[in-house]
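Presented below is the structure to which this report refers.
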Amino acid sequence: DSGVTQTPKHLITATGQRVTLRCSPRSGDLSVYWYQQSLDQGLQFLIQYYNGEERAKGNILERFSAQQFPDLHSELNLSSLELGDSALYFCASSVGVAGGRTDTQYFGPGTRLTVL
Amino acid sequence: GESVGLHLPTLSVQEGDNSIINCAYSNSASDYFIWYKQESGKGPQFIIDIRSNMDKRQGQRVTVLLNKTVKHLSLQIAATQPGDSAVYFCAENIRSGYSTLTFGKGTMLLVSP
């Protein structure tokens with residue numbers, strides 16, 4: 001158990017809908033990262049937050065957004081869902097360093113999103 | 001269980017053998033590398049990491065070797081056990097100063113009893 005929690009574990013929805021995925025980082029971690037894992041693309045970095053502020057962006061679609069709250073939990077919002085958005089979505093957390101130096105990321109169990 | 005990918009390179013070994021999983025990374029400026037293990041239906045699990053100022057790092061039953069000249073990373077698992085069966089990913093930190101990782105496609109390790 002990494003200490004990172006994600007809810008829900010499974011989510012089934014229809015095209016065009018909007019969903020919110022939730023992540024609670026390990027105790028003491030300030031950085032949260034979101035990744036998408038699909039069969040054809042592997043693990044893709046989406047976005048990082050550090051202590052409530054966006055730190056880095058990866059391959060995140062405009063239909064997707066995220067935020068990190070004062071209690072450091074994070075939410076990933078996916079809107080106007082398409083069939084191709086079906087994937088595993090992972091959250092990871094790390095202690096985080098103000099200067100952004102790389103530190104170890106610990107992953108949650110993931111949310112499996114199925115868009116029908 | 002859930003598959004994490006199709007057409008992954010696969011390494012099949014017998015229990016007790018030593019396993020070597022290889023990874024070619026993309027950016028000569030990468031300064032940090034991690035190996036993760038992902039079992040079916042679970043999130044990636046940290047195994048071992050290494051920074052670019054080192055060539056070798058050892059953990060419990062695992063060793064990571066870094067060859068910066070040819071941009072190659074390897075994970076050696078000693079006395080492989082059935083519980084080691086999983087997909088193994090290497091990841092590199094491409095963007096210096098940013099704690100973001102780029103993952104390789106993964107290698108599936110199958111350990112037979």
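Numbering starts fresh at 1 for the residues of each chain in the structure tokens, the chains themselves are lettered A, B, ... in the order given, and ligands are numbered from 1 as they appear.
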If we count only C-alpha atoms, which residues of chain A reach to within 12 Å of chain B? Please list them as an NGL selection string. :A and (1-6 or 9-10 or 31-50 or 54-59 or 87-112)
As a PyMOL selection string, list the residues of chain B assigned to strand (DSSP E) by DSSP on the backbone atoms of this structure. chain B and resi 10-14+19-24+32-38+45-51+56-58+62-67+72-77+86-92+102-103+107-112
Leaving out region 10-17 of chain B and any residue of its chain fewer than 5 positions from it, which residues lie within 6 Å of it when counting only C-alpha atoms, given as a PDB file with all heavy atoms, in the first residue's frame?
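Written output follows (part29.pdb):
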ATOM      1  N   ALA B  79      17.442 -14.139  -8.063  1.00  0.00           N
ATOM      2  CA  ALA B  79      16.590 -15.215  -7.532  1.00  0.00           C
ATOM      3  C   ALA B  79      15.115 -14.887  -7.739  1.00  0.00           C
ATOM      4  O   ALA B  79      14.334 -14.782  -6.789  1.00  0.00           O
ATOM      5  CB  ALA B  79      16.897 -15.447  -6.061  1.00  0.00           C
ATOM      6  N   THR B  80      14.744 -14.728  -8.988  1.00  0.00           N
ATOM      7  CA  THR B  80      13.384 -14.304  -9.339  1.00  0.00           C
ATOM      8  C   THR B  80      12.335 -15.266  -8.780  1.00  0.00           C
ATOM      9  O   THR B  80      12.507 -16.488  -8.809  1.00  0.00           O
ATOM     10  CB  THR B  80      13.251 -14.210 -10.862  1.00  0.00           C
ATOM     11  OG1 THR B  80      14.383 -13.534 -11.396  1.00  0.00           O
ATOM     12  CG2 THR B  80      12.009 -13.446 -11.237  1.00  0.00           C
ATOM     13  N   GLN B  81      11.256 -14.688  -8.288  1.00  0.00           N
ATOM     14  CA  GLN B  81      10.180 -15.453  -7.661  1.00  0.00           C
ATOM     15  C   GLN B  81       8.883 -15.257  -8.441  1.00  0.00           C
ATOM     16  O   GLN B  81       8.722 -14.249  -9.131  1.00  0.00           O
ATOM     17  CB  GLN B  81       9.986 -14.964  -6.224  1.00  0.00           C
ATOM     18  CG  GLN B  81      11.238 -15.079  -5.377  1.00  0.00           C
ATOM     19  CD  GLN B  81      11.123 -14.299  -4.072  1.00  0.00           C
ATOM     20  OE1 GLN B  81      10.103 -13.693  -3.774  1.00  0.00           O
ATOM     21  NE2 GLN B  81      12.182 -14.340  -3.287  1.00  0.00           N
ATOM     22  N   THR B 107       8.019  -3.787 -19.872  1.00  0.00           N
ATOM     23  CA  THR B 107       8.387  -5.169 -20.182  1.00  0.00           C
ATOM     24  C   THR B 107       7.637  -6.077 -19.233  1.00  0.00           C
ATOM     25  O   THR B 107       7.625  -5.845 -18.023  1.00  0.00           O
ATOM     26  CB  THR B 107       9.895  -5.403 -20.006  1.00  0.00           C
ATOM     27  OG1 THR B 107      10.608  -4.606 -20.944  1.00  0.00           O
ATOM     28  CG2 THR B 107      10.257  -6.875 -20.214  1.00  0.00           C
ATOM     29  N   MET B 108       7.020  -7.111 -19.799  1.00  0.00           N
ATOM     30  CA  MET B 108       6.313  -8.057 -18.952  1.00  0.00           C
ATOM     31  C   MET B 108       7.266  -9.174 -18.529  1.00  0.00           C
ATOM     32  O   MET B 108       7.934  -9.790 -19.369  1.00  0.00           O
ATOM     33  CB  MET B 108       5.113  -8.652 -19.689  1.00  0.00           C
ATOM     34  CG  MET B 108       4.297  -9.608 -18.832  1.00  0.00           C
ATOM     35  SD  MET B 108       2.783 -10.126 -19.612  1.00  0.00           S
ATOM     36  CE  MET B 108       1.845  -8.613 -19.545  1.00  0.00           C
ATOM     37  N   LEU B 109       7.342  -9.411 -17.256  1.00  0.00           N
ATOM     38  CA  LEU B 109       8.168 -10.491 -16.702  1.00  0.00           C
ATOM     39  C   LEU B 109       7.247 -11.616 -16.251  1.00  0.00           C
ATOM     40  O   LEU B 109       6.356 -11.396 -15.443  1.00  0.00           O
ATOM     41  CB  LEU B 109       9.002  -9.987 -15.525  1.00  0.00           C
ATOM     42  CG  LEU B 109       9.838 -11.045 -14.795  1.00  0.00           C
ATOM     43  CD1 LEU B 109      10.910 -11.609 -15.708  1.00  0.00           C
ATOM     44  CD2 LEU B 109      10.450 -10.467 -13.521  1.00  0.00           C
ATOM     45  N   LEU B 110       7.473 -12.804 -16.797  1.00  0.00           N
ATOM     46  CA  LEU B 110       6.696 -13.973 -16.407  1.00  0.00           C
ATOM     47  C   LEU B 110       7.629 -14.972 -15.741  1.00  0.00           C
ATOM     48  O   LEU B 110       8.630 -15.384 -16.342  1.00  0.00           O
ATOM     49  CB  LEU B 110       6.037 -14.610 -17.637  1.00  0.00           C
ATOM     50  CG  LEU B 110       5.022 -13.733 -18.373  1.00  0.00           C
ATOM     51  CD1 LEU B 110       4.554 -14.422 -19.646  1.00  0.00           C
ATOM     52  CD2 LEU B 110       3.840 -13.424 -17.469  1.00  0.00           C
ATOM     53  N   VAL B 111       7.303 -15.346 -14.523  1.00  0.00           N
ATOM     54  CA  VAL B 111       8.153 -16.255 -13.766  1.00  0.00           C
ATOM     55  C   VAL B 111       7.405 -17.570 -13.564  1.00  0.00           C
ATOM     56  O   VAL B 111       6.321 -17.590 -12.979  1.00  0.00           O
ATOM     57  CB  VAL B 111       8.531 -15.660 -12.400  1.00  0.00           C
ATOM     58  CG1 VAL B 111       9.483 -16.589 -11.658  1.00  0.00           C
ATOM     59  CG2 VAL B 111       9.150 -14.280 -12.573  1.00  0.00           C
ATOM     60  N   SER B 112       7.996 -18.632 -14.046  1.00  0.00           N
ATOM     61  CA  SER B 112       7.385 -19.957 -13.910  1.00  0.00           C
ATOM     62  C   SER B 112       7.950 -20.673 -12.689  1.00  0.00           C
ATOM     63  O   SER B 112       9.156 -20.621 -12.448  1.00  0.00           O
ATOM     64  CB  SER B 112       7.681 -20.793 -15.154  1.00  0.00           C
ATOM     65  OG  SER B 112       7.272 -20.123 -16.316  1.00  0.00           O
ATOM     66  N   PRO B 113       7.065 -21.352 -11.931  1.00  0.00           N
ATOM     67  CA  PRO B 113       7.540 -22.081 -10.744  1.00  0.00           C
ATOM     68  C   PRO B 113       8.409 -23.280 -11.126  1.00  0.00           C
ATOM     69  O   PRO B 113       8.368 -23.765 -12.243  1.00  0.00           O
ATOM     70  CB  PRO B 113       6.250 -22.562 -10.072  1.00  0.00           C
ATOM     71  CG  PRO B 113       5.126 -21.998 -10.824  1.00  0.00           C
ATOM     72  CD  PRO B 113       5.625 -21.402 -12.103  1.00  0.00           C
TER      73      PRO B 113
END
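Of the listed residues B:Lys68, B:Ser40, B:Ile20, B:Val62, the one whose atoms come nearest to Ser85 (chain B) is B:Ser40, with distances taken using only C-alpha atoms.
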Please provide as a ChimeraX atom specification all residues within 7 Å of Leu72 (chain A), with the sequence filter that same-chain residues fewer than 3 positions apart are discarded (counting only C-alpha atoms). /A:30,51-52,68-69
Take the residues that were just selected and, keeping all heavy atoms, output them as a PDB file, in the first residue's frame.
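The resulting file, selection13.pdb, is reproduced below:
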ATOM      1  N   LEU A  30       3.387  17.041  -0.716  1.00  0.00           N
ATOM      2  CA  LEU A  30       2.826  18.289  -1.217  1.00  0.00           C
ATOM      3  C   LEU A  30       2.519  18.254  -2.709  1.00  0.00           C
ATOM      4  O   LEU A  30       1.747  19.059  -3.211  1.00  0.00           O
ATOM      5  CB  LEU A  30       3.787  19.446  -0.939  1.00  0.00           C
ATOM      6  CG  LEU A  30       4.097  19.734   0.530  1.00  0.00           C
ATOM      7  CD1 LEU A  30       5.091  20.885   0.640  1.00  0.00           C
ATOM      8  CD2 LEU A  30       2.829  20.059   1.310  1.00  0.00           C
ATOM      9  N   ASN A  51       1.523  21.966  -3.724  1.00  0.00           N
ATOM     10  CA  ASN A  51       1.005  22.816  -2.653  1.00  0.00           C
ATOM     11  C   ASN A  51      -0.104  23.752  -3.154  1.00  0.00           C
ATOM     12  O   ASN A  51      -0.120  24.938  -2.811  1.00  0.00           O
ATOM     13  CB  ASN A  51       2.149  23.621  -2.038  1.00  0.00           C
ATOM     14  CG  ASN A  51       1.831  24.060  -0.618  1.00  0.00           C
ATOM     15  OD1 ASN A  51       0.957  23.502   0.043  1.00  0.00           O
ATOM     16  ND2 ASN A  51       2.539  25.073  -0.150  1.00  0.00           N
ATOM     17  N   GLY A  52      -0.962  23.209  -3.958  1.00  0.00           N
ATOM     18  CA  GLY A  52      -2.121  23.949  -4.423  1.00  0.00           C
ATOM     19  C   GLY A  52      -1.955  24.656  -5.754  1.00  0.00           C
ATOM     20  O   GLY A  52      -2.941  25.145  -6.323  1.00  0.00           O
ATOM     21  N   GLN A  68      -5.835  21.241  -6.948  1.00  0.00           N
ATOM     22  CA  GLN A  68      -5.404  20.714  -5.660  1.00  0.00           C
ATOM     23  C   GLN A  68      -5.928  21.654  -4.590  1.00  0.00           C
ATOM     24  O   GLN A  68      -5.720  22.869  -4.660  1.00  0.00           O
ATOM     25  CB  GLN A  68      -3.880  20.601  -5.583  1.00  0.00           C
ATOM     26  CG  GLN A  68      -3.389  19.915  -4.312  1.00  0.00           C
ATOM     27  CD  GLN A  68      -1.874  19.799  -4.238  1.00  0.00           C
ATOM     28  OE1 GLN A  68      -1.158  20.602  -4.828  1.00  0.00           O
ATOM     29  NE2 GLN A  68      -1.380  18.806  -3.510  1.00  0.00           N
ATOM     30  N   PHE A  69      -6.558  21.099  -3.606  1.00  0.00           N
ATOM     31  CA  PHE A  69      -7.242  21.870  -2.579  1.00  0.00           C
ATOM     32  C   PHE A  69      -6.326  22.146  -1.391  1.00  0.00           C
ATOM     33  O   PHE A  69      -5.268  21.554  -1.269  1.00  0.00           O
ATOM     34  CB  PHE A  69      -8.494  21.102  -2.138  1.00  0.00           C
ATOM     35  CG  PHE A  69      -9.511  20.975  -3.239  1.00  0.00           C
ATOM     36  CD1 PHE A  69      -9.442  19.933  -4.139  1.00  0.00           C
ATOM     37  CD2 PHE A  69     -10.518  21.916  -3.381  1.00  0.00           C
ATOM     38  CE1 PHE A  69     -10.368  19.815  -5.176  1.00  0.00           C
ATOM     39  CE2 PHE A  69     -11.448  21.806  -4.406  1.00  0.00           C
ATOM     40  CZ  PHE A  69     -11.365  20.761  -5.309  1.00  0.00           C
TER      41      PHE A  69
END
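Of the residues listed (A:Phe64, A:Ser74, A:Leu116, A:Leu83), A:Phe64 shows the shortest atom-to-atom separation from Arg18 (chain A); distances use only C-alpha atoms.
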